[in-house]
Amino acid sequence: MTSTSTLPLDHRTDTRPDTPPVTGEARYADLAARFRPVFDRIAAGALDREQSRTLPFEQVGWLKDSGFTALRVPAEHGGDPVSAEHLFRLLIELAAADSNVAHLLRSHFAFGETAALQPAAFRELWFPRILAGQIFGNAATERSGNVLGTTSTTLRQEDGRWLLHGEKYYTTGSIFADWVVVMASTAGVEGRQYAVVPADAPEVSIADDWDGFGQPLTGTGTAVFEDVPVEPGNILQRQVTSTLEPAFFQLFLLAVLAGIGRAALRDAVELVQSRTRTFNTGSGELFRNDPIIQEHVGRLAAKVYTAEAVVTAAARDLDAAADPSLGLSPEEAFLRAELAVQQAHVAVPGLVLDAASALFDVTGASAVSRGKGLDRHWRNARTVATHNPSAFKARSVGDYLVNGTIPTGLHSIGDAPSSSAVPSTSDASSSTAPQSAAPSTSGVTSS
């Protein structure tokens with residue numbers, strides 16, 4: 001088919017420099033056996049934490065100590081990397097234990113994917129820190145005032161130092177992090193940059209002021225940066241590329257959603273198994289023996305199974321896209337990953353939201369007790385699903401299939417421009433990946 005849009009000239013894929021991770025069900029069984037005891041500990045207090053708004057600092061510490069946060073560190077840097085499929089399957093299990101804890105690690109794992117594409121000096125600096133258990137958060141989005149494709153947060157040189165200044169919101173995970181990856185702009189430099197700064201720097205303040213009705217414990221709040229000094233080597237230029245990073249970043253959300261669906265199914269089964277009250281309008285049997293209730297549970301289970309299967313299939317496509325033995329061109333690799341994840345985005349949210357609602361069809365009015373907190377599954381799923389409206393993903397897939405238009409996107413959020421002009425192509429790309437930046441008298445420039 002004829003393409004009506006082309007990938008940027010800077011073709012790069014997410015092929016890692018070391019041997020591809022070992023795959024196979026036996027490998028996953030070993031991983032699951034290693035981490036399930038940690039997930040079980042996290043699950044034990046999930047409801048109480050959400051009802052008391054207790055941020056899961058201790059639980060994040062358990063994951064660091066177990067090595068979970070270092071699962072994608074390349075072997076050449078001391079890691080034992082897992083495949084994308086295995087990582088996302090583990091994330092589904094973690095999200096079933098506590099969707100907040102899984103979600104808050106999204107930017108951490110995404111930073112590892114970014115680091116894998118950087119020059120050797122950058123990788124040698126940051127991967128040992130990930131291996132040591134250090135956590136990375138994000139600060140990309142601003143509430144208002146920045147035009148789509150731009151940012152009001154700035155980097156500037158002053159007295160030979162780089163200084164970061166601005167305010168961000170939706171800084172998921174940063175309150176738990178050792179480092180924050182901040183999106184900024186530099187006067188005279190096209191596009192946007194990333195600045196990696198210490199979360200505990202005196203010029204950085206991070207507030208737990210997220211007021212959403214779902215995912216309340218992800219640390220998704222306000223971060224303020226008041227002229228934070230930035231090391232020149234910690235500045236990355238956000239460039240137009242054809243990497244797999246956006247697909248990885250978005251599939252992470254779908255794994256969280258699938259985990260929420262699994263949690264809803266778990267609670268539905270437990271409710272039916274333990275319920276002794278029934279209705280005279282039904283069979284009069286215990287709910288566990290009522291064919292209608294059994295069918296409801298079966299249909300709920302099918303939705304959850306399908307959501308997990310879709311996420312797993314998309315993760316396999318990410319692995320295939322990054323597999324050098326397949327000999328895919330950059331365009332083929334990008335399309336395999338991007339289209340898989342976009343189609344998954346159309347399917348998974350609705351399945352999980354339906355499952356979280358169907359949970360209430362297998363019990364009575366007692367299920368709506370605030371003490372049970374069963375509504376949290378729907379609230380959390382609805383919150384995660386708002387990150388990427390499925391209508392835009394469906395349109396993109398349809399346009400590619402019908403017209404051959406390669407998926408493109410700004411991968412940013414901001415105020416719509418006053419005119420119909422699209423922001424600079426340095427940010428209007430099918431995907432984005434930062435490269436190492438070096439200081440210059442005119443600002444941050446890509447290497």
# chains A, B, ... in the order shown; residues from 1 in each chain; ligands from 1
$ select_by_dssp --residues "segment 328-420 of chain A" --states "helix (DSSP H, G or I)" --output "PyMOL selection string"
chain A and resi 330-362+365-368+375-385+390-403
$ residues_around --residues "segment 371-383 of chain A" --least-positions-apart "5" --cutoff "9 Å" --atoms "only C-alpha atoms" --output "list in words"
Leu47, Glu50, Gln51, Ser99, Asn100, Gly212, Phe213, Gly214, Gln215, Pro216, Val256, Leu257, Ala258, Ile260, Gly261, Ala263, Ala264, Asp267, Pro349, Val352, Leu353, Asp354, Ala355, Ala356, Ser357, Leu359, Phe360 and Ser366 of chain A
$ write_last_selection --atoms "N, CA and C atoms" --output "short mmCIF file (atom, residue, chain, number, x, y, z; two decimals), in the first residue's frame"
data_model
loop_
_atom_site.label_atom_id
_atom_site.label_comp_id
_atom_site.auth_asym_id
_atom_site.auth_seq_id
_atom_site.Cartn_x
_atom_site.Cartn_y
_atom_site.Cartn_z
N LEU A 47 -6.21 -2.43 49.97
CA LEU A 47 -7.48 -1.75 50.25
C LEU A 47 -7.32 -0.74 51.38
N GLU A 50 -5.51 2.40 50.20
CA GLU A 50 -6.30 3.28 49.34
C GLU A 50 -7.36 4.03 50.15
N GLN A 51 -7.95 3.36 51.13
CA GLN A 51 -8.99 4.02 51.92
C GLN A 51 -8.41 5.06 52.88
N SER A 99 -2.95 -1.72 41.80
CA SER A 99 -2.78 -1.02 40.53
C SER A 99 -2.00 0.28 40.69
N ASN A 100 -2.06 0.89 41.86
CA ASN A 100 -1.29 2.11 42.10
C ASN A 100 0.20 1.85 42.03
N GLY A 212 -7.74 13.10 41.67
CA GLY A 212 -8.55 12.22 40.83
C GLY A 212 -9.28 11.18 41.65
N PHE A 213 -10.42 10.68 41.14
CA PHE A 213 -11.19 9.70 41.90
C PHE A 213 -10.61 8.29 41.77
N GLY A 214 -9.59 8.13 40.96
CA GLY A 214 -8.95 6.83 40.82
C GLY A 214 -7.44 6.94 40.89
N GLN A 215 -6.77 5.80 41.08
CA GLN A 215 -5.32 5.74 41.19
C GLN A 215 -4.79 6.81 42.15
N PRO A 216 -5.31 6.88 43.36
CA PRO A 216 -4.97 7.99 44.25
C PRO A 216 -3.59 7.91 44.87
N VAL A 256 -1.53 -2.34 33.35
CA VAL A 256 -2.17 -1.93 34.60
C VAL A 256 -3.67 -2.20 34.52
N LEU A 257 -4.28 -1.86 33.40
CA LEU A 257 -5.71 -2.10 33.23
C LEU A 257 -6.03 -3.59 33.32
N ALA A 258 -5.24 -4.41 32.65
CA ALA A 258 -5.49 -5.85 32.69
C ALA A 258 -5.38 -6.38 34.12
N ILE A 260 -6.07 -4.67 36.83
CA ILE A 260 -7.30 -4.25 37.53
C ILE A 260 -8.43 -5.21 37.21
N GLY A 261 -8.53 -5.63 35.94
CA GLY A 261 -9.54 -6.62 35.58
C GLY A 261 -9.37 -7.91 36.34
N ALA A 263 -8.05 -8.24 39.28
CA ALA A 263 -8.45 -7.99 40.66
C ALA A 263 -9.98 -8.01 40.80
N ALA A 264 -10.68 -7.44 39.82
CA ALA A 264 -12.14 -7.45 39.85
C ALA A 264 -12.67 -8.88 39.79
N ASP A 267 -12.14 -10.63 43.18
CA ASP A 267 -13.12 -10.23 44.19
C ASP A 267 -14.50 -10.79 43.88
N PRO A 349 -9.41 -1.26 27.29
CA PRO A 349 -10.14 -0.47 28.29
C PRO A 349 -11.60 -0.87 28.44
N VAL A 352 -12.02 -4.17 30.42
CA VAL A 352 -11.77 -4.07 31.85
C VAL A 352 -12.85 -3.26 32.54
N LEU A 353 -13.29 -2.17 31.92
CA LEU A 353 -14.36 -1.38 32.52
C LEU A 353 -15.65 -2.20 32.64
N ASP A 354 -15.94 -3.01 31.63
CA ASP A 354 -17.11 -3.88 31.71
C ASP A 354 -16.96 -4.89 32.85
N ALA A 355 -15.76 -5.44 33.00
CA ALA A 355 -15.53 -6.42 34.06
C ALA A 355 -15.67 -5.79 35.43
N ALA A 356 -15.13 -4.59 35.58
CA ALA A 356 -15.21 -3.91 36.88
C ALA A 356 -16.64 -3.56 37.24
N SER A 357 -17.48 -3.32 36.25
CA SER A 357 -18.89 -3.05 36.51
C SER A 357 -19.66 -4.35 36.74
N LEU A 359 -18.73 -6.92 38.12
CA LEU A 359 -18.47 -7.41 39.47
C LEU A 359 -19.70 -7.26 40.36
N PHE A 360 -20.46 -6.19 40.18
CA PHE A 360 -21.60 -5.92 41.04
C PHE A 360 -22.85 -6.71 40.64
N SER A 366 -25.11 -5.25 49.37
CA SER A 366 -24.02 -5.15 50.35
C SER A 366 -22.69 -4.87 49.67
#
$ closest_residue --among "A:Gly191, A:Gly67, A:Gly61, A:Gly259" --to "His103 of chain A" --atoms "only C-alpha atoms"
A:Gly259
$ select_by_dssp --residues "segment 167-387 of chain A" --states "strand (DSSP E or B)" --output "ChimeraX atom specification"
/A:167-169,179-186,193-198,204-206,223-230,235-241
$ write_last_selection --atoms "C-alpha atoms" --output "PDB file, in the first residue's frame"
ATOM      1  CA  GLU A 167       6.105  23.629  37.413  1.00  0.00           C
ATOM      2  CA  LYS A 168       4.619  20.292  36.364  1.00  0.00           C
ATOM      3  CA  TYR A 169       1.517  18.273  37.142  1.00  0.00           C
ATOM      4  CA  TRP A 179      15.559  11.032  40.021  1.00  0.00           C
ATOM      5  CA  VAL A 180      12.976  12.983  38.037  1.00  0.00           C
ATOM      6  CA  VAL A 181      13.039  13.169  34.241  1.00  0.00           C
ATOM      7  CA  VAL A 182      11.734  16.661  33.421  1.00  0.00           C
ATOM      8  CA  MET A 183      10.630  17.906  30.003  1.00  0.00           C
ATOM      9  CA  ALA A 184      11.795  21.451  29.256  1.00  0.00           C
ATOM     10  CA  SER A 185      12.533  23.948  26.502  1.00  0.00           C
ATOM     11  CA  THR A 186      15.654  26.008  25.830  1.00  0.00           C
ATOM     12  CA  GLN A 193      14.687  18.455  26.107  1.00  0.00           C
ATOM     13  CA  TYR A 194      14.743  16.093  29.081  1.00  0.00           C
ATOM     14  CA  ALA A 195      16.650  17.064  32.205  1.00  0.00           C
ATOM     15  CA  VAL A 196      17.372  14.346  34.767  1.00  0.00           C
ATOM     16  CA  VAL A 197      17.554  15.898  38.244  1.00  0.00           C
ATOM     17  CA  PRO A 198      17.770  14.520  41.801  1.00  0.00           C
ATOM     18  CA  VAL A 204      12.781  20.467  43.933  1.00  0.00           C
ATOM     19  CA  SER A 205       9.448  20.116  45.728  1.00  0.00           C
ATOM     20  CA  ILE A 206       6.933  17.349  45.017  1.00  0.00           C
ATOM     21  CA  ALA A 223       6.325  19.185  41.138  1.00  0.00           C
ATOM     22  CA  VAL A 224       8.066  22.564  41.272  1.00  0.00           C
ATOM     23  CA  PHE A 225      11.612  23.154  40.011  1.00  0.00           C
ATOM     24  CA  GLU A 226      13.152  26.430  41.155  1.00  0.00           C
ATOM     25  CA  ASP A 227      16.395  26.870  39.228  1.00  0.00           C
ATOM     26  CA  VAL A 228      17.592  23.319  39.798  1.00  0.00           C
ATOM     27  CA  PRO A 229      21.247  22.852  38.724  1.00  0.00           C
ATOM     28  CA  VAL A 230      21.518  20.228  35.959  1.00  0.00           C
ATOM     29  CA  ILE A 235      20.334  16.693  29.447  1.00  0.00           C
ATOM     30  CA  LEU A 236      18.793  14.774  26.557  1.00  0.00           C
ATOM     31  CA  GLN A 237      17.441  16.186  23.323  1.00  0.00           C
ATOM     32  CA  ARG A 238      13.978  14.896  22.472  1.00  0.00           C
ATOM     33  CA  GLN A 239      14.387  13.916  18.834  1.00  0.00           C
ATOM     34  CA  VAL A 240      12.284  12.638  15.973  1.00  0.00           C
ATOM     35  CA  THR A 241      12.965   8.911  15.653  1.00  0.00           C
TER      36      THR A 241
END
$ closest_residue --among "A:Ala394, A:Gly137, A:Thr386, A:Glu338" --to "Thr408 of chain A" --atoms "only C-alpha atoms"
A:Glu338
$ atom_distance --atom1 "atom CA of Gly79 of chain A" --atom2 "atom CA of Asp178 of chain A"
19.6 Å
$ closest_residue --among "A:Ile406, A:Arg299, A:Ala322, A:Leu251" --to "Gln343 of chain A" --atoms "only C-alpha atoms"
A:Leu251
$ closest_residue --among "A:Val384, A:Ala347, A:Ala247, A:Leu55" --to "Ala95 of chain A" --atoms "only C-alpha atoms"
A:Val384
$ closest_residue --among "A:Arg89, A:Arg395, A:Arg288, A:Arg275" --to "Ala102 of chain A" --atoms "only C-alpha atoms"
A:Arg89
$ residues_around --residues "Tyr170 of chain A" --least-positions-apart "6" --cutoff "7 Å" --atoms "only C-alpha atoms" --output "JSON, numbers by chain"
{"A": [141, 220, 221, 222]}
$ write_last_selection --atoms "C-alpha atoms" --output "PDB file, in the first residue's frame"
ATOM      1  CA  THR A 141       2.909  17.606  31.617  1.00  0.00           C
ATOM      2  CA  THR A 220       0.411  12.010  40.489  1.00  0.00           C
ATOM      3  CA  GLY A 221       0.640  15.587  41.686  1.00  0.00           C
ATOM      4  CA  THR A 222       2.560  18.852  41.386  1.00  0.00           C
TER       5      THR A 222
END
